[in-house]
>>> print(open('entry.cif').read())   # mmCIF, N, CA and C atoms
data_target
#
loop_
_atom_site.label_atom_id
_atom_site.label_comp_id
_atom_site.auth_asym_id
_atom_site.auth_seq_id
_atom_site.Cartn_x
_atom_site.Cartn_y
_atom_site.Cartn_z
N HIS Y 23 -41.32 20.07 46.35
CA HIS Y 23 -42.45 20.66 47.04
C HIS Y 23 -42.08 21.03 48.48
N THR Y 24 -41.30 20.18 49.10
CA THR Y 24 -40.88 20.47 50.47
C THR Y 24 -40.04 21.74 50.50
N GLU Y 25 -39.13 21.88 49.55
CA GLU Y 25 -38.28 23.07 49.53
C GLU Y 25 -39.12 24.33 49.34
N ALA Y 26 -40.11 24.30 48.46
CA ALA Y 26 -40.95 25.47 48.25
C ALA Y 26 -41.69 25.85 49.52
N ALA Y 27 -42.19 24.86 50.24
CA ALA Y 27 -42.90 25.13 51.49
C ALA Y 27 -41.94 25.68 52.55
N LEU Y 28 -40.76 25.08 52.65
CA LEU Y 28 -39.77 25.55 53.63
C LEU Y 28 -39.32 26.97 53.34
N ARG Y 29 -39.01 27.25 52.09
CA ARG Y 29 -38.53 28.59 51.73
C ARG Y 29 -39.61 29.65 51.98
N ALA Y 30 -40.87 29.30 51.72
CA ALA Y 30 -41.96 30.23 52.00
C ALA Y 30 -42.03 30.52 53.50
N LEU Y 31 -41.96 29.47 54.31
CA LEU Y 31 -42.00 29.67 55.76
C LEU Y 31 -40.82 30.50 56.25
N LEU Y 32 -39.62 30.26 55.68
CA LEU Y 32 -38.44 31.03 56.07
C LEU Y 32 -38.59 32.51 55.72
N ASP Y 33 -39.34 32.78 54.64
CA ASP Y 33 -39.57 34.17 54.23
C ASP Y 33 -40.79 34.77 54.91
N GLY Y 34 -41.42 34.02 55.82
CA GLY Y 34 -42.59 34.52 56.53
C GLY Y 34 -43.85 34.53 55.68
N ARG Y 35 -43.86 33.70 54.64
CA ARG Y 35 -45.02 33.63 53.75
C ARG Y 35 -45.77 32.31 53.94
N ARG Y 36 -46.97 32.27 53.44
CA ARG Y 36 -47.76 31.04 53.45
C ARG Y 36 -47.18 30.09 52.41
N PRO Y 37 -46.99 28.82 52.78
CA PRO Y 37 -46.48 27.85 51.79
C PRO Y 37 -47.47 27.68 50.64
N PRO Y 38 -46.97 27.42 49.44
CA PRO Y 38 -47.88 27.21 48.31
C PRO Y 38 -48.82 26.03 48.59
N GLU Y 39 -50.09 26.24 48.29
CA GLU Y 39 -51.08 25.19 48.50
C GLU Y 39 -50.72 23.94 47.71
N SER Y 40 -50.15 24.12 46.53
CA SER Y 40 -49.78 22.96 45.69
C SER Y 40 -48.69 22.12 46.37
N ALA Y 41 -47.78 22.76 47.10
CA ALA Y 41 -46.72 22.03 47.79
C ALA Y 41 -47.31 21.20 48.93
N LEU Y 42 -48.21 21.82 49.70
CA LEU Y 42 -48.84 21.10 50.81
C LEU Y 42 -49.70 19.95 50.29
N ARG Y 43 -50.43 20.21 49.22
CA ARG Y 43 -51.27 19.16 48.62
C ARG Y 43 -50.43 18.00 48.10
N SER Y 44 -49.29 18.30 47.50
CA SER Y 44 -48.42 17.24 46.98
C SER Y 44 -47.90 16.34 48.10
N LEU Y 45 -47.55 16.95 49.24
CA LEU Y 45 -47.08 16.15 50.37
C LEU Y 45 -48.20 15.25 50.89
N ALA Y 46 -49.42 15.77 50.95
CA ALA Y 46 -50.55 14.96 51.40
C ALA Y 46 -50.84 13.84 50.39
N ASP Y 47 -50.79 14.16 49.10
CA ASP Y 47 -51.05 13.15 48.06
C ASP Y 47 -50.03 12.02 48.11
N ALA Y 48 -48.76 12.37 48.34
CA ALA Y 48 -47.72 11.34 48.41
C ALA Y 48 -47.99 10.39 49.58
N GLN Y 49 -48.47 10.93 50.68
CA GLN Y 49 -48.78 10.08 51.83
C GLN Y 49 -50.00 9.21 51.57
N ARG Y 50 -50.98 9.76 50.90
CA ARG Y 50 -52.19 8.99 50.58
C ARG Y 50 -51.91 7.83 49.65
N ALA Y 51 -50.87 7.95 48.83
CA ALA Y 51 -50.55 6.89 47.86
C ALA Y 51 -50.09 5.61 48.55
N ALA Y 52 -49.54 5.73 49.76
CA ALA Y 52 -49.10 4.55 50.53
C ALA Y 52 -49.27 4.87 52.01
N PRO Y 53 -50.53 4.87 52.48
CA PRO Y 53 -50.75 5.25 53.88
C PRO Y 53 -50.13 4.25 54.85
N ALA Y 54 -49.71 4.78 55.98
CA ALA Y 54 -49.14 3.92 57.04
C ALA Y 54 -50.31 3.34 57.83
N VAL Y 55 -50.29 2.02 57.97
CA VAL Y 55 -51.32 1.31 58.73
C VAL Y 55 -50.62 0.55 59.85
N ARG Y 56 -51.11 0.73 61.05
CA ARG Y 56 -50.54 0.00 62.19
C ARG Y 56 -51.23 -1.35 62.28
N VAL Y 57 -50.50 -2.39 61.99
CA VAL Y 57 -51.02 -3.75 62.02
C VAL Y 57 -50.51 -4.43 63.28
N PRO Y 58 -51.42 -4.77 64.20
CA PRO Y 58 -50.95 -5.44 65.42
C PRO Y 58 -50.46 -6.86 65.13
N VAL Y 59 -49.28 -7.18 65.67
CA VAL Y 59 -48.71 -8.52 65.51
C VAL Y 59 -48.13 -8.97 66.84
N TRP Y 60 -48.11 -10.26 67.04
CA TRP Y 60 -47.51 -10.85 68.22
C TRP Y 60 -46.06 -11.17 67.89
N ASP Y 61 -45.10 -10.64 68.68
CA ASP Y 61 -43.69 -10.88 68.39
C ASP Y 61 -43.09 -12.01 69.23
N GLY Y 62 -43.93 -12.73 69.94
CA GLY Y 62 -43.46 -13.83 70.77
C GLY Y 62 -43.51 -13.51 72.25
N THR Y 63 -43.47 -12.20 72.56
CA THR Y 63 -43.56 -11.79 73.96
C THR Y 63 -44.59 -10.68 74.18
N ALA Y 64 -44.90 -9.91 73.14
CA ALA Y 64 -45.84 -8.80 73.29
C ALA Y 64 -46.47 -8.48 71.94
N VAL Y 65 -47.52 -7.70 71.99
CA VAL Y 65 -48.13 -7.20 70.76
C VAL Y 65 -47.42 -5.91 70.38
N THR Y 66 -47.00 -5.84 69.13
CA THR Y 66 -46.43 -4.60 68.59
C THR Y 66 -47.31 -4.15 67.43
N ALA Y 67 -47.23 -2.88 67.09
CA ALA Y 67 -48.03 -2.36 65.98
C ALA Y 67 -47.21 -1.35 65.19
N PRO Y 68 -46.18 -1.83 64.52
CA PRO Y 68 -45.36 -0.91 63.72
C PRO Y 68 -46.14 -0.43 62.50
N PRO Y 69 -45.91 0.81 62.09
CA PRO Y 69 -46.59 1.28 60.87
C PRO Y 69 -46.02 0.56 59.65
N ARG Y 70 -46.91 0.13 58.78
CA ARG Y 70 -46.50 -0.56 57.54
C ARG Y 70 -47.19 0.08 56.36
N ARG Y 71 -46.47 0.13 55.26
CA ARG Y 71 -47.01 0.67 54.02
C ARG Y 71 -46.95 -0.42 52.96
N THR Y 72 -47.87 -0.37 52.04
CA THR Y 72 -47.86 -1.32 50.93
C THR Y 72 -47.69 -0.56 49.62
N GLY Y 73 -47.35 -1.27 48.59
CA GLY Y 73 -47.17 -0.65 47.28
C GLY Y 73 -45.73 -0.73 46.84
N PRO Y 74 -45.46 -0.19 45.67
CA PRO Y 74 -44.09 -0.20 45.14
C PRO Y 74 -43.14 0.56 46.06
N LEU Y 75 -41.89 0.14 46.06
CA LEU Y 75 -40.89 0.74 46.94
C LEU Y 75 -40.80 2.26 46.79
N GLY Y 76 -40.78 2.75 45.57
CA GLY Y 76 -40.69 4.19 45.34
C GLY Y 76 -41.87 4.95 45.94
N THR Y 77 -43.06 4.39 45.82
CA THR Y 77 -44.26 5.02 46.37
C THR Y 77 -44.21 5.03 47.89
N ARG Y 78 -43.76 3.92 48.46
CA ARG Y 78 -43.64 3.85 49.93
C ARG Y 78 -42.60 4.84 50.43
N LEU Y 79 -41.47 4.92 49.74
CA LEU Y 79 -40.41 5.85 50.14
C LEU Y 79 -40.90 7.30 50.03
N ALA Y 80 -41.58 7.63 48.94
CA ALA Y 80 -42.11 8.99 48.77
C ALA Y 80 -43.10 9.33 49.89
N ALA Y 81 -43.92 8.36 50.27
CA ALA Y 81 -44.89 8.59 51.35
C ALA Y 81 -44.18 8.82 52.68
N LEU Y 82 -43.14 8.04 52.93
CA LEU Y 82 -42.39 8.19 54.18
C LEU Y 82 -41.69 9.56 54.23
N LEU Y 83 -41.08 9.97 53.13
CA LEU Y 83 -40.42 11.27 53.08
C LEU Y 83 -41.42 12.41 53.20
N ALA Y 84 -42.58 12.27 52.56
CA ALA Y 84 -43.62 13.30 52.66
C ALA Y 84 -44.13 13.41 54.08
N GLU Y 85 -44.26 12.29 54.77
CA GLU Y 85 -44.69 12.30 56.17
C GLU Y 85 -43.67 13.05 57.04
N ALA Y 86 -42.40 12.78 56.82
CA ALA Y 86 -41.35 13.46 57.58
C ALA Y 86 -41.34 14.96 57.27
N ALA Y 87 -41.53 15.31 56.01
CA ALA Y 87 -41.56 16.72 55.61
C ALA Y 87 -42.74 17.43 56.25
N ALA Y 88 -43.91 16.80 56.24
CA ALA Y 88 -45.10 17.39 56.85
C ALA Y 88 -44.88 17.58 58.35
N ALA Y 89 -44.26 16.62 58.99
CA ALA Y 89 -43.98 16.74 60.43
C ALA Y 89 -43.04 17.92 60.69
N LEU Y 90 -42.01 18.09 59.85
CA LEU Y 90 -41.09 19.22 60.02
C LEU Y 90 -41.81 20.55 59.81
N LEU Y 91 -42.63 20.64 58.77
CA LEU Y 91 -43.34 21.89 58.48
C LEU Y 91 -44.28 22.28 59.61
N ALA Y 92 -44.83 21.29 60.31
CA ALA Y 92 -45.76 21.56 61.41
C ALA Y 92 -45.06 21.75 62.75
N ASP Y 93 -43.77 21.45 62.81
CA ASP Y 93 -43.02 21.54 64.05
C ASP Y 93 -42.53 22.98 64.27
N PRO Y 94 -42.63 23.51 65.48
CA PRO Y 94 -42.09 24.85 65.74
C PRO Y 94 -40.60 24.97 65.41
N ALA Y 95 -39.87 23.85 65.40
CA ALA Y 95 -38.45 23.88 65.07
C ALA Y 95 -38.20 24.34 63.64
N VAL Y 96 -39.21 24.35 62.79
CA VAL Y 96 -39.03 24.78 61.41
C VAL Y 96 -38.52 26.21 61.36
N ALA Y 97 -38.79 27.00 62.38
CA ALA Y 97 -38.30 28.39 62.42
C ALA Y 97 -36.79 28.45 62.52
N ARG Y 98 -36.14 27.35 62.93
CA ARG Y 98 -34.68 27.32 63.05
C ARG Y 98 -33.98 26.84 61.78
N VAL Y 99 -34.73 26.42 60.77
CA VAL Y 99 -34.11 25.96 59.53
C VAL Y 99 -33.30 27.10 58.93
N LYS Y 100 -32.10 26.76 58.46
CA LYS Y 100 -31.19 27.75 57.87
C LYS Y 100 -30.78 27.32 56.48
N GLU Y 101 -30.31 28.30 55.73
CA GLU Y 101 -29.71 28.04 54.43
C GLU Y 101 -28.20 27.96 54.63
N CYS Y 102 -27.56 26.99 54.03
CA CYS Y 102 -26.11 26.83 54.15
C CYS Y 102 -25.43 28.10 53.64
N GLU Y 103 -24.42 28.56 54.38
CA GLU Y 103 -23.72 29.80 54.03
C GLU Y 103 -22.57 29.59 53.03
N ALA Y 104 -22.31 28.36 52.63
CA ALA Y 104 -21.27 28.12 51.62
C ALA Y 104 -21.74 28.71 50.29
N ASP Y 105 -20.81 29.34 49.57
CA ASP Y 105 -21.14 30.02 48.33
C ASP Y 105 -21.79 29.13 47.28
N ASP Y 106 -21.35 27.89 47.19
CA ASP Y 106 -21.83 27.01 46.13
C ASP Y 106 -22.82 25.96 46.61
N CYS Y 107 -23.44 26.16 47.78
CA CYS Y 107 -24.36 25.18 48.33
C CYS Y 107 -25.78 25.77 48.38
N VAL Y 108 -26.76 24.96 48.07
CA VAL Y 108 -28.15 25.40 48.06
C VAL Y 108 -28.99 24.68 49.11
N LEU Y 109 -28.34 23.92 50.00
CA LEU Y 109 -29.07 23.11 50.96
C LEU Y 109 -29.63 23.91 52.12
N LEU Y 110 -30.77 23.44 52.62
CA LEU Y 110 -31.36 23.93 53.85
C LEU Y 110 -31.09 22.87 54.91
N PHE Y 111 -30.95 23.30 56.17
CA PHE Y 111 -30.69 22.32 57.22
C PHE Y 111 -31.25 22.82 58.54
N LEU Y 112 -31.47 21.89 59.45
CA LEU Y 112 -31.93 22.20 60.80
C LEU Y 112 -30.72 22.06 61.71
N PRO Y 113 -30.13 23.18 62.15
CA PRO Y 113 -28.89 23.10 62.92
C PRO Y 113 -29.09 22.52 64.31
N ALA Y 114 -28.13 21.73 64.73
CA ALA Y 114 -28.13 21.19 66.09
C ALA Y 114 -27.68 22.27 67.08
N HIS Y 115 -26.90 23.23 66.60
CA HIS Y 115 -26.40 24.32 67.43
C HIS Y 115 -26.79 25.64 66.75
N PRO Y 116 -27.25 26.64 67.48
CA PRO Y 116 -27.72 27.88 66.86
C PRO Y 116 -26.67 28.65 66.06
N ARG Y 117 -25.39 28.44 66.34
CA ARG Y 117 -24.35 29.17 65.60
C ARG Y 117 -23.84 28.42 64.39
N ARG Y 118 -24.35 27.24 64.13
CA ARG Y 118 -23.89 26.46 62.97
C ARG Y 118 -24.24 27.21 61.70
N ARG Y 119 -23.29 27.27 60.76
CA ARG Y 119 -23.44 28.07 59.54
C ARG Y 119 -23.54 27.25 58.27
N TRP Y 120 -23.10 25.99 58.32
CA TRP Y 120 -23.05 25.18 57.10
C TRP Y 120 -23.86 23.90 57.28
N CYS Y 121 -24.36 23.37 56.18
CA CYS Y 121 -25.12 22.12 56.24
C CYS Y 121 -24.25 20.99 56.77
N SER Y 122 -22.97 21.03 56.39
CA SER Y 122 -22.02 20.02 56.84
C SER Y 122 -20.71 20.71 57.20
N PRO Y 123 -20.37 20.74 58.49
CA PRO Y 123 -19.09 21.36 58.86
C PRO Y 123 -17.91 20.68 58.17
N ALA Y 124 -18.01 19.37 57.95
CA ALA Y 124 -16.91 18.64 57.33
C ALA Y 124 -16.81 18.94 55.84
N ARG Y 125 -17.91 19.18 55.17
CA ARG Y 125 -17.89 19.41 53.73
C ARG Y 125 -17.86 20.91 53.43
N CYS Y 126 -19.00 21.57 53.61
CA CYS Y 126 -19.09 23.00 53.26
C CYS Y 126 -18.26 23.87 54.19
N GLY Y 127 -18.28 23.57 55.47
CA GLY Y 127 -17.51 24.36 56.42
C GLY Y 127 -16.03 24.28 56.14
N ASN Y 128 -15.54 23.08 55.91
CA ASN Y 128 -14.12 22.89 55.64
C ASN Y 128 -13.72 23.57 54.33
N ARG Y 129 -14.53 23.43 53.28
CA ARG Y 129 -14.20 24.07 52.00
C ARG Y 129 -14.16 25.58 52.15
N THR Y 130 -15.09 26.15 52.93
CA THR Y 130 -15.11 27.60 53.14
C THR Y 130 -13.87 28.05 53.90
N ARG Y 131 -13.51 27.31 54.94
CA ARG Y 131 -12.32 27.67 55.73
C ARG Y 131 -11.05 27.55 54.88
N VAL Y 132 -10.95 26.50 54.08
CA VAL Y 132 -9.78 26.32 53.22
C VAL Y 132 -9.69 27.46 52.21
N ALA Y 133 -10.82 27.84 51.61
CA ALA Y 133 -10.81 28.94 50.63
C ALA Y 133 -10.40 30.24 51.29
N ARG Y 134 -10.90 30.50 52.50
CA ARG Y 134 -10.53 31.71 53.24
C ARG Y 134 -9.04 31.71 53.54
N HIS Y 135 -8.50 30.58 53.98
CA HIS Y 135 -7.07 30.45 54.27
C HIS Y 135 -6.25 30.70 53.00
N TYR Y 136 -6.69 30.12 51.90
CA TYR Y 136 -5.96 30.29 50.64
C TYR Y 136 -5.95 31.75 50.21
N ARG Y 137 -7.10 32.43 50.34
CA ARG Y 137 -7.17 33.85 49.95
C ARG Y 137 -6.24 34.70 50.83
N ARG Y 138 -6.21 34.44 52.13
CA ARG Y 138 -5.34 35.21 53.05
C ARG Y 138 -3.88 34.99 52.72
N HIS Y 139 -3.48 33.77 52.47
CA HIS Y 139 -2.07 33.48 52.24
C HIS Y 139 -1.60 33.75 50.82
N ARG Y 140 -2.51 33.77 49.89
CA ARG Y 140 -2.16 34.07 48.51
C ARG Y 140 -1.81 35.56 48.37
N SER Y 141 -2.49 36.41 49.11
CA SER Y 141 -2.25 37.85 49.00
C SER Y 141 -1.03 38.30 49.81
N SER Y 142 -0.42 37.39 50.56
CA SER Y 142 0.75 37.76 51.38
C SER Y 142 2.01 37.78 50.58
#
>>> encode(input="entry.cif", output="structure tokens")
Amino acid sequence: HTEAALRALLDGRRPPESALRSLADAQRAAPAVRVPVWDGTAVTAPPRRTGPLGTRLAALLAEAAAALLADPAVARVKECEADDCVLLFLPAHPRRRWCSPARCGNRTRVARHYRRHRSS
């Protein structure tokens, strides 16, 4: 659902309502509640979720996805330029071309080098 919403935004379209609803539903299944506790020196209120681990994890990921979709930085999300990669990523540098310079970037550079030297 996150990918469908991201790809729609990248194409300048409205994200599918079903994708947005799914992200909200996942969060509702294990809402974060700030429970104040005394840690010995101060009161802290970390967000806590209850329920099965998978449900809590899905809620946490949906929350992060919703935050990204609402963040103006979503306009900088790119698709990896490696031929065999389908990942989307938020680049730390505007000229970054691959989701992972060490993985996809290196494989692309090695393939380019091989093609240049094979034809020599």
>>> closest_residue(input="entry.cif", among="Y:Cys107, Y:Leu91, Y:Ala124, Y:Ala81", to="Ala27 of chain Y", atoms="all atoms listed in the file")
Y:Leu91
>>> select_by_dssp(input="entry.cif", residues="chain Y", states="helix (DSSP H, G or I)", output="ChimeraX atom specification")
/Y:24-32,39-51,75-92,94-98,123-140
>>> residues_around(input="entry.cif", residues="Gln49 of chain Y", least_positions_apart="2", cutoff="7 Å", atoms="all atoms listed in the file", output="list in words")
Ser44, Leu45, Ala46, Asp47, Ala51, Ala52, Pro53, Ala54, Ala80, Ala81, Leu82, Ala84 and Glu85 of chain Y
>>> atom_distance(input="entry.cif", atom1="atom N of Pro123 of chain Y", atom2="atom C of Arg35 of chain Y")
28.3 Å
>>> closest_residue(input="entry.cif", among="Y:Pro74, Y:Pro58, Y:Pro68, Y:Gly127", to="Glu103 of chain Y", atoms="only N, CA and C atoms")
Y:Gly127
>>> resolve_selection(input="entry.cif", expression="the PyMOL selection byres (((chain Y and resi 110 and name CA) around 10) and name CA)", output="ChimeraX atom specification")
/Y:25,28-29,99-103,107-109,111-113,120-121
>>> write_last_selection(input="entry.cif", atoms="N, CA and C atoms", output="short mmCIF file (atom, residue, chain, number, x, y, z; two decimals), in the frame of the given file")
data_model
loop_
_atom_site.label_atom_id
_atom_site.label_comp_id
_atom_site.auth_asym_id
_atom_site.auth_seq_id
_atom_site.Cartn_x
_atom_site.Cartn_y
_atom_site.Cartn_z
N GLU Y 25 -39.13 21.88 49.55
CA GLU Y 25 -38.28 23.07 49.53
C GLU Y 25 -39.12 24.33 49.34
N LEU Y 28 -40.76 25.08 52.65
CA LEU Y 28 -39.77 25.55 53.63
C LEU Y 28 -39.32 26.97 53.34
N ARG Y 29 -39.01 27.25 52.09
CA ARG Y 29 -38.53 28.59 51.73
C ARG Y 29 -39.61 29.65 51.98
N VAL Y 99 -34.73 26.42 60.77
CA VAL Y 99 -34.11 25.96 59.53
C VAL Y 99 -33.30 27.10 58.93
N LYS Y 100 -32.10 26.76 58.46
CA LYS Y 100 -31.19 27.75 57.87
C LYS Y 100 -30.78 27.32 56.48
N GLU Y 101 -30.31 28.30 55.73
CA GLU Y 101 -29.71 28.04 54.43
C GLU Y 101 -28.20 27.96 54.63
N CYS Y 102 -27.56 26.99 54.03
CA CYS Y 102 -26.11 26.83 54.15
C CYS Y 102 -25.43 28.10 53.64
N GLU Y 103 -24.42 28.56 54.38
CA GLU Y 103 -23.72 29.80 54.03
C GLU Y 103 -22.57 29.59 53.03
N CYS Y 107 -23.44 26.16 47.78
CA CYS Y 107 -24.36 25.18 48.33
C CYS Y 107 -25.78 25.77 48.38
N VAL Y 108 -26.76 24.96 48.07
CA VAL Y 108 -28.15 25.40 48.06
C VAL Y 108 -28.99 24.68 49.11
N LEU Y 109 -28.34 23.92 50.00
CA LEU Y 109 -29.07 23.11 50.96
C LEU Y 109 -29.63 23.91 52.12
N PHE Y 111 -30.95 23.30 56.17
CA PHE Y 111 -30.69 22.32 57.22
C PHE Y 111 -31.25 22.82 58.54
N LEU Y 112 -31.47 21.89 59.45
CA LEU Y 112 -31.93 22.20 60.80
C LEU Y 112 -30.72 22.06 61.71
N PRO Y 113 -30.13 23.18 62.15
CA PRO Y 113 -28.89 23.10 62.92
C PRO Y 113 -29.09 22.52 64.31
N TRP Y 120 -23.10 25.99 58.32
CA TRP Y 120 -23.05 25.18 57.10
C TRP Y 120 -23.86 23.90 57.28
N CYS Y 121 -24.36 23.37 56.18
CA CYS Y 121 -25.12 22.12 56.24
C CYS Y 121 -24.25 20.99 56.77
#
>>> atom_distance(input="entry.cif", atom1="atom N of Val65 of chain Y", atom2="atom N of Arg78 of chain Y")
26.5 Å
>>> atom_distance(input="entry.cif", atom1="atom CA of Arg125 of chain Y", atom2="atom CA of Thr24 of chain Y")
23.2 Å
>>> closest_residue(input="entry.cif", among="Y:Val59, Y:Ala64, Y:Ala48, Y:Ala26", to="Ala86 of chain Y", atoms="only C-alpha atoms")
Y:Ala48
>>> build_atoms(input="entry.cif", residues="segment 35-44 of chain Y", atoms="all heavy atoms", output="PDB file, in the frame of the given file")
ATOM      1  N   ARG Y  35     -43.860  33.700  54.640  1.00  0.00           N
ATOM      2  CA  ARG Y  35     -45.020  33.630  53.750  1.00  0.00           C
ATOM      3  C   ARG Y  35     -45.770  32.310  53.940  1.00  0.00           C
ATOM      4  O   ARG Y  35     -45.221  31.359  54.484  1.00  0.00           O
ATOM      5  CB  ARG Y  35     -44.591  33.725  52.285  1.00  0.00           C
ATOM      6  CG  ARG Y  35     -43.987  35.057  51.898  1.00  0.00           C
ATOM      7  CD  ARG Y  35     -43.567  35.113  50.432  1.00  0.00           C
ATOM      8  NE  ARG Y  35     -42.404  34.246  50.160  1.00  0.00           N
ATOM      9  CZ  ARG Y  35     -42.442  33.139  49.423  1.00  0.00           C
ATOM     10  NH1 ARG Y  35     -43.548  32.732  48.858  1.00  0.00           N
ATOM     11  NH2 ARG Y  35     -41.343  32.423  49.231  1.00  0.00           N
ATOM     12  N   ARG Y  36     -46.970  32.270  53.440  1.00  0.00           N
ATOM     13  CA  ARG Y  36     -47.760  31.040  53.450  1.00  0.00           C
ATOM     14  C   ARG Y  36     -47.180  30.090  52.410  1.00  0.00           C
ATOM     15  O   ARG Y  36     -46.886  30.489  51.276  1.00  0.00           O
ATOM     16  CB  ARG Y  36     -49.204  31.375  53.083  1.00  0.00           C
ATOM     17  CG  ARG Y  36     -50.082  30.167  53.012  1.00  0.00           C
ATOM     18  CD  ARG Y  36     -51.469  30.538  52.583  1.00  0.00           C
ATOM     19  NE  ARG Y  36     -52.250  29.309  52.480  1.00  0.00           N
ATOM     20  CZ  ARG Y  36     -53.544  29.290  52.407  1.00  0.00           C
ATOM     21  NH1 ARG Y  36     -54.221  30.419  52.414  1.00  0.00           N
ATOM     22  NH2 ARG Y  36     -54.174  28.143  52.301  1.00  0.00           N
ATOM     23  N   PRO Y  37     -46.990  28.820  52.780  1.00  0.00           N
ATOM     24  CA  PRO Y  37     -46.480  27.850  51.790  1.00  0.00           C
ATOM     25  C   PRO Y  37     -47.470  27.680  50.640  1.00  0.00           C
ATOM     26  O   PRO Y  37     -48.684  27.792  50.848  1.00  0.00           O
ATOM     27  CB  PRO Y  37     -46.351  26.547  52.584  1.00  0.00           C
ATOM     28  CG  PRO Y  37     -46.347  26.951  54.009  1.00  0.00           C
ATOM     29  CD  PRO Y  37     -47.157  28.213  54.088  1.00  0.00           C
ATOM     30  N   PRO Y  38     -46.970  27.420  49.440  1.00  0.00           N
ATOM     31  CA  PRO Y  38     -47.880  27.210  48.310  1.00  0.00           C
ATOM     32  C   PRO Y  38     -48.820  26.030  48.590  1.00  0.00           C
ATOM     33  O   PRO Y  38     -48.387  24.985  49.071  1.00  0.00           O
ATOM     34  CB  PRO Y  38     -46.942  26.877  47.140  1.00  0.00           C
ATOM     35  CG  PRO Y  38     -45.597  27.341  47.571  1.00  0.00           C
ATOM     36  CD  PRO Y  38     -45.571  27.298  49.057  1.00  0.00           C
ATOM     37  N   GLU Y  39     -50.090  26.240  48.290  1.00  0.00           N
ATOM     38  CA  GLU Y  39     -51.080  25.190  48.500  1.00  0.00           C
ATOM     39  C   GLU Y  39     -50.720  23.940  47.710  1.00  0.00           C
ATOM     40  O   GLU Y  39     -50.907  22.819  48.183  1.00  0.00           O
ATOM     41  CB  GLU Y  39     -52.479  25.691  48.107  1.00  0.00           C
ATOM     42  CG  GLU Y  39     -53.599  24.783  48.528  1.00  0.00           C
ATOM     43  CD  GLU Y  39     -53.669  24.564  50.037  1.00  0.00           C
ATOM     44  OE1 GLU Y  39     -53.456  25.509  50.804  1.00  0.00           O
ATOM     45  OE2 GLU Y  39     -53.958  23.421  50.445  1.00  0.00           O
ATOM     46  N   SER Y  40     -50.150  24.120  46.530  1.00  0.00           N
ATOM     47  CA  SER Y  40     -49.780  22.960  45.690  1.00  0.00           C
ATOM     48  C   SER Y  40     -48.690  22.120  46.370  1.00  0.00           C
ATOM     49  O   SER Y  40     -48.694  20.888  46.257  1.00  0.00           O
ATOM     50  CB  SER Y  40     -49.302  23.424  44.316  1.00  0.00           C
ATOM     51  OG  SER Y  40     -48.156  24.258  44.448  1.00  0.00           O
ATOM     52  N   ALA Y  41     -47.780  22.760  47.100  1.00  0.00           N
ATOM     53  CA  ALA Y  41     -46.720  22.030  47.790  1.00  0.00           C
ATOM     54  C   ALA Y  41     -47.310  21.200  48.930  1.00  0.00           C
ATOM     55  O   ALA Y  41     -46.969  20.031  49.109  1.00  0.00           O
ATOM     56  CB  ALA Y  41     -45.669  22.994  48.329  1.00  0.00           C
ATOM     57  N   LEU Y  42     -48.210  21.820  49.700  1.00  0.00           N
ATOM     58  CA  LEU Y  42     -48.840  21.100  50.810  1.00  0.00           C
ATOM     59  C   LEU Y  42     -49.700  19.950  50.290  1.00  0.00           C
ATOM     60  O   LEU Y  42     -49.687  18.848  50.848  1.00  0.00           O
ATOM     61  CB  LEU Y  42     -49.673  22.066  51.657  1.00  0.00           C
ATOM     62  CG  LEU Y  42     -48.909  23.236  52.280  1.00  0.00           C
ATOM     63  CD1 LEU Y  42     -49.859  24.135  53.054  1.00  0.00           C
ATOM     64  CD2 LEU Y  42     -47.770  22.741  53.152  1.00  0.00           C
ATOM     65  N   ARG Y  43     -50.430  20.210  49.220  1.00  0.00           N
ATOM     66  CA  ARG Y  43     -51.270  19.160  48.620  1.00  0.00           C
ATOM     67  C   ARG Y  43     -50.430  18.000  48.100  1.00  0.00           C
ATOM     68  O   ARG Y  43     -50.787  16.838  48.276  1.00  0.00           O
ATOM     69  CB  ARG Y  43     -52.132  19.774  47.508  1.00  0.00           C
ATOM     70  CG  ARG Y  43     -53.222  18.858  46.999  1.00  0.00           C
ATOM     71  CD  ARG Y  43     -54.170  19.511  45.992  1.00  0.00           C
ATOM     72  NE  ARG Y  43     -53.590  20.496  45.106  1.00  0.00           N
ATOM     73  CZ  ARG Y  43     -53.718  21.815  45.240  1.00  0.00           C
ATOM     74  NH1 ARG Y  43     -54.401  22.314  46.236  1.00  0.00           N
ATOM     75  NH2 ARG Y  43     -53.159  22.637  44.382  1.00  0.00           N
ATOM     76  N   SER Y  44     -49.290  18.300  47.500  1.00  0.00           N
ATOM     77  CA  SER Y  44     -48.420  17.240  46.980  1.00  0.00           C
ATOM     78  C   SER Y  44     -47.900  16.340  48.100  1.00  0.00           C
ATOM     79  O   SER Y  44     -47.796  15.126  47.935  1.00  0.00           O
ATOM     80  CB  SER Y  44     -47.228  17.841  46.226  1.00  0.00           C
ATOM     81  OG  SER Y  44     -47.667  18.462  45.055  1.00  0.00           O
TER      82      SER Y  44
END
